[in-house]
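A short worksheet on the structure shown next.
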Amino acid sequence: MKKITALTLPLVACLLFTSPTFASGNQSGVAREIAKMAKIEFQKAYGNLPIKVNDKMSLTNISSKGAAIVYDYRYRDKSTKYTQNDVDVYSQLMFDKRMCDDDTFVSFFTDNDLEFVYRYTFNDKKTLSSSFYIEDACED
(Lines give C-alpha, C1' and ligand atoms only; values in the text may rest on other atoms or scores of the structure.)
Protein backbone atom coordinates (compact mmCIF):
# COMPACT_ATOMS: atom_id res chain seq x y z
CA MET A 1 0.00 0.00 0.00
CA LYS A 2 2.89 2.36 0.66
CA LYS A 3 3.87 2.00 -2.98
CA ILE A 4 0.33 3.00 -4.01
CA THR A 5 0.45 6.20 -1.96
CA ALA A 6 4.01 7.05 -3.00
CA LEU A 7 3.16 6.81 -6.69
CA THR A 8 -0.18 8.57 -6.61
CA LEU A 9 -0.01 11.57 -4.30
CA PRO A 10 2.98 13.36 -5.86
CA LEU A 11 1.42 13.00 -9.31
CA VAL A 12 -1.87 14.36 -8.06
CA ALA A 13 -0.20 17.30 -6.32
CA CYS A 14 1.69 18.21 -9.50
CA LEU A 15 -1.51 18.14 -11.55
CA LEU A 16 -3.09 20.57 -9.12
CA PHE A 17 -0.60 23.35 -9.80
CA THR A 18 -2.51 24.09 -13.01
CA SER A 19 -5.95 23.76 -11.42
CA PRO A 20 -8.13 26.89 -11.06
CA THR A 21 -9.12 25.67 -7.58
CA PHE A 22 -5.46 25.64 -6.55
CA ALA A 23 -4.97 29.18 -7.87
CA SER A 24 -7.90 30.43 -5.79
CA GLY A 25 -6.30 29.14 -2.55
CA ASN A 26 -9.53 27.50 -1.37
CA GLN A 27 -8.34 24.74 1.03
CA SER A 28 -11.48 22.64 0.87
CA GLY A 29 -11.51 22.93 -2.92
CA VAL A 30 -7.85 21.87 -3.14
CA ALA A 31 -8.49 18.89 -0.83
CA ARG A 32 -11.52 17.94 -2.91
CA GLU A 33 -9.45 18.09 -6.13
CA ILE A 34 -6.66 15.99 -4.61
CA ALA A 35 -9.12 13.38 -3.35
CA LYS A 36 -10.83 13.20 -6.73
CA MET A 37 -7.55 12.88 -8.65
CA ALA A 38 -6.07 10.40 -6.17
CA LYS A 39 -9.16 8.22 -6.49
CA ILE A 40 -8.88 8.26 -10.30
CA GLU A 41 -5.18 7.39 -10.18
CA PHE A 42 -5.74 4.55 -7.69
CA GLN A 43 -8.49 3.13 -9.89
CA LYS A 44 -6.31 3.35 -13.01
CA ALA A 45 -3.52 1.46 -11.26
CA TYR A 46 -5.49 -1.06 -9.20
CA GLY A 47 -9.05 -1.25 -10.52
CA ASN A 48 -12.22 -0.01 -8.93
CA LEU A 49 -12.51 0.59 -5.22
CA PRO A 50 -12.50 -1.20 -2.84
CA ILE A 51 -8.82 -2.06 -3.31
CA LYS A 52 -7.55 -4.97 -1.25
CA VAL A 53 -4.54 -3.92 0.82
CA ASN A 54 -4.11 -7.23 2.64
CA ASP A 55 -6.28 -10.02 4.04
CA LYS A 56 -7.66 -7.77 6.78
CA MET A 57 -7.96 -4.38 5.11
CA SER A 58 -9.31 -2.70 1.96
CA LEU A 59 -9.22 0.91 0.81
CA THR A 60 -12.89 1.68 0.14
CA ASN A 61 -12.92 5.39 -0.72
CA ILE A 62 -10.90 8.59 -0.96
CA SER A 63 -12.82 11.77 -0.26
CA SER A 64 -12.39 15.16 1.35
CA LYS A 65 -13.85 16.95 4.31
CA GLY A 66 -12.94 20.60 4.61
CA ALA A 67 -9.16 20.85 4.23
CA ALA A 68 -8.67 17.12 4.89
CA ILE A 69 -8.11 14.27 2.48
CA VAL A 70 -9.88 11.21 3.89
CA TYR A 71 -8.78 7.66 3.15
CA ASP A 72 -11.54 5.25 4.16
CA TYR A 73 -10.40 1.77 5.05
CA ARG A 74 -12.50 -1.26 5.94
CA TYR A 75 -10.75 -3.33 8.59
CA ARG A 76 -12.03 -6.87 9.10
CA ASP A 77 -11.84 -7.08 12.86
CA LYS A 78 -13.66 -5.73 15.91
CA SER A 79 -12.89 -2.19 17.03
CA THR A 80 -12.70 -3.26 20.68
CA LYS A 81 -9.30 -4.85 20.00
CA TYR A 82 -7.75 -1.47 19.14
CA THR A 83 -6.97 1.72 20.99
CA GLN A 84 -6.68 5.16 19.44
CA ASN A 85 -2.91 4.90 19.88
CA ASP A 86 -2.88 1.65 17.85
CA VAL A 87 -4.71 3.40 15.00
CA ASP A 88 -2.38 6.42 15.15
CA VAL A 89 0.73 4.24 14.99
CA TYR A 90 -0.67 2.15 12.16
CA SER A 91 -1.61 5.26 10.17
CA GLN A 92 1.91 6.61 10.51
CA LEU A 93 3.23 3.28 9.22
CA MET A 94 0.87 3.45 6.23
CA PHE A 95 2.21 6.87 5.27
CA ASP A 96 5.14 6.47 2.89
CA LYS A 97 8.06 8.49 4.30
CA ARG A 98 9.69 8.63 0.85
CA MET A 99 7.22 11.40 0.04
CA CYS A 100 9.03 13.53 2.62
CA ASP A 101 12.04 13.68 0.29
CA ASP A 102 10.08 15.71 -2.26
CA ASP A 103 10.31 19.29 -0.97
CA THR A 104 7.83 20.61 -3.57
CA PHE A 105 5.28 18.01 -2.56
CA VAL A 106 5.73 18.67 1.16
CA SER A 107 5.55 22.45 0.74
CA PHE A 108 2.39 22.09 -1.36
CA PHE A 109 0.66 20.38 1.58
CA THR A 110 2.09 22.71 4.23
CA ASP A 111 1.32 25.86 2.22
CA ASN A 112 -2.29 24.76 1.81
CA ASP A 113 -2.55 23.46 5.40
CA LEU A 114 -3.93 20.14 4.18
CA GLU A 115 -4.47 17.27 6.58
CA PHE A 116 -4.48 13.50 5.99
CA VAL A 117 -7.20 11.46 7.70
CA TYR A 118 -7.08 7.67 7.76
CA ARG A 119 -10.50 6.39 8.85
CA TYR A 120 -10.97 2.71 9.71
CA THR A 121 -14.41 1.11 9.80
CA PHE A 122 -14.47 -2.18 11.66
CA ASN A 123 -16.76 -5.22 11.40
CA ASP A 124 -18.83 -3.93 14.31
CA LYS A 125 -19.49 -0.75 12.23
CA LYS A 126 -17.52 1.46 14.60
CA THR A 127 -14.89 3.80 13.22
CA LEU A 128 -11.56 5.06 14.49
CA SER A 129 -9.67 7.83 12.73
CA SER A 130 -6.17 9.17 12.76
CA SER A 131 -5.33 12.55 11.33
CA PHE A 132 -1.98 14.21 10.77
CA TYR A 133 -0.24 16.90 8.79
CA ILE A 134 2.62 16.06 6.47
CA GLU A 135 5.12 18.09 8.50
CA ASP A 136 4.31 15.96 11.55
CA ALA A 137 4.62 12.73 9.55
CA CYS A 138 7.95 13.84 8.07
CA GLU A 139 9.59 14.80 11.38
CA ASP A 140 12.67 12.78 12.16
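Labels used: A, B, ... for chains in the order of the C-alpha coordinates, numbers from 1 for residues in each chain, and numbers from 1 for ligands as shown.
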
**Request:** Write out as a PyMOL selection string all residues of chain A that DSSP puts in helix (DSSP H, G or I) for this structure's backbone.
**Result:** chain A and resi 2-16+20-24+27-46+79-81+84-94+97-101+103-111+134-137

- Task: as a ChimeraX atom specification, list the residues of chain A assigned to strand (DSSP E or B) by DSSP on the backbone atoms of this structure.
- Result: /A:51-52,57-65,68-75,115-122,127-133

Given the selection you just returned, output its residues as a file containing N, CA, C and O atoms, formatted as a short mmCIF file (atom, residue, chain, number, x, y, z; two decimals), in the first residue's frame.
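part02.cif written:
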data_model
loop_
_atom_site.label_atom_id
_atom_site.label_comp_id
_atom_site.auth_asym_id
_atom_site.auth_seq_id
_atom_site.Cartn_x
_atom_site.Cartn_y
_atom_site.Cartn_z
N ILE A 51 -10.10 -1.48 -2.92
CA ILE A 51 -8.82 -2.06 -3.31
C ILE A 51 -8.30 -2.85 -2.11
O ILE A 51 -8.14 -2.31 -1.02
N LYS A 52 -8.04 -4.13 -2.34
CA LYS A 52 -7.55 -4.97 -1.25
C LYS A 52 -6.11 -4.58 -0.92
O LYS A 52 -5.25 -4.56 -1.78
N MET A 57 -7.61 -5.79 5.35
CA MET A 57 -7.96 -4.38 5.11
C MET A 57 -8.13 -4.08 3.62
O MET A 57 -7.39 -4.59 2.79
N SER A 58 -9.09 -3.21 3.32
CA SER A 58 -9.31 -2.70 1.96
C SER A 58 -9.47 -1.19 2.01
O SER A 58 -10.04 -0.65 2.96
N LEU A 59 -8.97 -0.52 0.98
CA LEU A 59 -9.22 0.91 0.81
C LEU A 59 -10.55 1.03 0.09
O LEU A 59 -10.70 0.52 -1.03
N THR A 60 -11.55 1.64 0.72
CA THR A 60 -12.89 1.68 0.14
C THR A 60 -13.23 3.00 -0.52
O THR A 60 -14.08 3.04 -1.41
N ASN A 61 -12.60 4.09 -0.11
CA ASN A 61 -12.92 5.39 -0.72
C ASN A 61 -11.84 6.41 -0.38
O ASN A 61 -11.12 6.27 0.60
N ILE A 62 -11.75 7.41 -1.22
CA ILE A 62 -10.90 8.59 -0.96
C ILE A 62 -11.82 9.78 -1.19
O ILE A 62 -12.43 9.92 -2.25
N SER A 63 -11.94 10.61 -0.18
CA SER A 63 -12.82 11.77 -0.26
C SER A 63 -12.17 12.94 0.46
O SER A 63 -11.01 12.86 0.87
N SER A 64 -12.91 14.01 0.61
CA SER A 64 -12.39 15.16 1.35
C SER A 64 -13.45 15.67 2.31
O SER A 64 -14.64 15.46 2.11
N LYS A 65 -12.97 16.30 3.35
CA LYS A 65 -13.85 16.95 4.31
C LYS A 65 -13.14 18.21 4.75
O LYS A 65 -12.11 18.13 5.44
N ALA A 68 -9.24 18.44 4.61
CA ALA A 68 -8.67 17.12 4.89
C ALA A 68 -8.94 16.17 3.74
O ALA A 68 -10.01 16.21 3.13
N ILE A 69 -7.97 15.33 3.45
CA ILE A 69 -8.11 14.27 2.48
C ILE A 69 -8.34 12.99 3.28
O ILE A 69 -7.51 12.63 4.11
N VAL A 70 -9.46 12.34 3.06
CA VAL A 70 -9.88 11.21 3.89
C VAL A 70 -9.73 9.91 3.11
O VAL A 70 -10.31 9.74 2.04
N TYR A 71 -8.93 9.01 3.68
CA TYR A 71 -8.78 7.66 3.15
C TYR A 71 -9.63 6.74 4.02
O TYR A 71 -9.37 6.60 5.21
N ASP A 72 -10.65 6.14 3.42
CA ASP A 72 -11.54 5.25 4.16
C ASP A 72 -11.09 3.81 3.96
O ASP A 72 -11.04 3.31 2.84
N TYR A 73 -10.80 3.17 5.07
CA TYR A 73 -10.40 1.77 5.05
C TYR A 73 -11.45 0.94 5.76
O TYR A 73 -12.07 1.39 6.72
N ARG A 74 -11.66 -0.27 5.27
CA ARG A 74 -12.50 -1.26 5.94
C ARG A 74 -11.55 -2.26 6.57
O ARG A 74 -10.70 -2.83 5.88
N TYR A 75 -11.64 -2.43 7.88
CA TYR A 75 -10.75 -3.33 8.59
C TYR A 75 -11.57 -4.48 9.15
O TYR A 75 -12.50 -4.26 9.92
N GLU A 115 -4.60 18.32 5.58
CA GLU A 115 -4.47 17.27 6.58
C GLU A 115 -4.82 15.92 5.94
O GLU A 115 -5.68 15.83 5.07
N PHE A 116 -4.14 14.87 6.38
CA PHE A 116 -4.48 13.50 5.99
C PHE A 116 -5.34 12.91 7.10
O PHE A 116 -5.03 13.08 8.28
N VAL A 117 -6.39 12.19 6.72
CA VAL A 117 -7.20 11.46 7.70
C VAL A 117 -7.30 10.03 7.21
O VAL A 117 -7.72 9.78 6.07
N TYR A 118 -6.90 9.09 8.04
CA TYR A 118 -7.08 7.67 7.76
C TYR A 118 -8.20 7.20 8.68
O TYR A 118 -8.07 7.22 9.90
N ARG A 119 -9.32 6.81 8.08
CA ARG A 119 -10.50 6.39 8.85
C ARG A 119 -10.72 4.90 8.65
O ARG A 119 -10.79 4.42 7.52
N TYR A 120 -10.81 4.17 9.75
CA TYR A 120 -10.97 2.71 9.71
C TYR A 120 -12.37 2.36 10.20
O TYR A 120 -12.75 2.73 11.31
N THR A 121 -13.12 1.62 9.39
CA THR A 121 -14.41 1.11 9.80
C THR A 121 -14.25 -0.38 10.05
O THR A 121 -13.75 -1.11 9.19
N PHE A 122 -14.66 -0.81 11.23
CA PHE A 122 -14.47 -2.18 11.66
C PHE A 122 -15.73 -3.01 11.41
O PHE A 122 -16.79 -2.48 11.07
N THR A 127 -16.02 3.23 13.94
CA THR A 127 -14.89 3.80 13.22
C THR A 127 -13.89 4.41 14.19
O THR A 127 -14.27 4.92 15.25
N LEU A 128 -12.63 4.35 13.81
CA LEU A 128 -11.56 5.06 14.49
C LEU A 128 -10.79 5.80 13.41
O LEU A 128 -10.57 5.27 12.32
N SER A 129 -10.39 7.02 13.71
CA SER A 129 -9.67 7.83 12.73
C SER A 129 -8.36 8.32 13.30
O SER A 129 -8.22 8.51 14.50
N SER A 130 -7.44 8.55 12.40
CA SER A 130 -6.17 9.17 12.76
C SER A 130 -5.90 10.27 11.75
O SER A 130 -6.00 10.05 10.54
N SER A 131 -5.61 11.44 12.24
CA SER A 131 -5.33 12.55 11.33
C SER A 131 -3.95 13.13 11.64
O SER A 131 -3.50 13.11 12.79
N PHE A 132 -3.31 13.62 10.59
CA PHE A 132 -1.98 14.21 10.77
C PHE A 132 -1.68 15.13 9.60
O PHE A 132 -2.30 15.04 8.54
N TYR A 133 -0.75 16.01 9.83
CA TYR A 133 -0.24 16.90 8.79
C TYR A 133 1.09 16.35 8.31
O TYR A 133 1.81 15.69 9.06
#

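Take atom CA of Asp113 of chain A and atom CA of Asp136 of chain A: the distance between them is 11.9 Å.
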
Quick one: residues within 6 Å of Asn123 of chain A, only C-alpha atoms, excluding same-chain residues fewer than 5 positions away - as a short mmCIF file (atom, residue, chain, number, x, y, z; two decimals) with all heavy atoms, in the first residue's frame?
data_model
loop_
_atom_site.label_atom_id
_atom_site.label_comp_id
_atom_site.auth_asym_id
_atom_site.auth_seq_id
_atom_site.Cartn_x
_atom_site.Cartn_y
_atom_site.Cartn_z
N ARG A 76 -11.25 -5.69 8.74
CA ARG A 76 -12.03 -6.87 9.10
C ARG A 76 -11.64 -7.40 10.48
O ARG A 76 -10.98 -8.42 10.59
CB ARG A 76 -11.84 -7.95 8.03
CG ARG A 76 -12.49 -7.57 6.72
CD ARG A 76 -12.08 -8.46 5.58
NE ARG A 76 -12.54 -7.93 4.31
CZ ARG A 76 -11.90 -7.01 3.61
NH1 ARG A 76 -10.77 -6.51 4.04
NH2 ARG A 76 -12.40 -6.58 2.47
N ASP A 77 -12.07 -6.68 11.48
CA ASP A 77 -11.84 -7.08 12.86
C ASP A 77 -12.76 -6.22 13.73
O ASP A 77 -13.40 -5.30 13.22
CB ASP A 77 -10.37 -6.85 13.25
CG ASP A 77 -9.88 -7.84 14.30
OD1 ASP A 77 -10.72 -8.50 14.94
OD2 ASP A 77 -8.66 -7.96 14.47
N LYS A 78 -12.82 -6.51 15.00
CA LYS A 78 -13.66 -5.73 15.91
C LYS A 78 -12.87 -4.54 16.46
O LYS A 78 -11.70 -4.67 16.81
CB LYS A 78 -14.16 -6.61 17.05
CG LYS A 78 -15.13 -7.66 16.57
CD LYS A 78 -15.69 -8.43 17.72
CE LYS A 78 -16.68 -9.45 17.16
NZ LYS A 78 -17.29 -10.25 18.19
#

Among A:Ile134, A:Glu139, A:Lys126, A:Tyr46, Phe105 of chain A is approached most closely, using only C-alpha atoms, by A:Ile134

With distances taken over only C-alpha atoms, which of A:Val30, A:Thr110, A:Glu135, A:Asp124 is nearest to Thr80 of chain A?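 Among the listed residues, the smallest separation from Thr80 of chain A belongs to A:Asp124.
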
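What separates atom CA of Ala31 of chain A from atom CA of Ser107 of chain A is a distance of 14.6 Å.
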
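The residue that comes closest to Asp101 of chain A, out of A:Ile40, A:Ala35, A:Cys138, A:Val89 and on the basis of only C-alpha atoms, is A:Cys138.
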
- prompt: atom CA of Gln27 of chain A and atom CA of Leu49 of chain A are how many Å apart?
  reply: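 Between atom CA of Gln27 of chain A and atom CA of Leu49 of chain A the gap works out to 25.3 Å.
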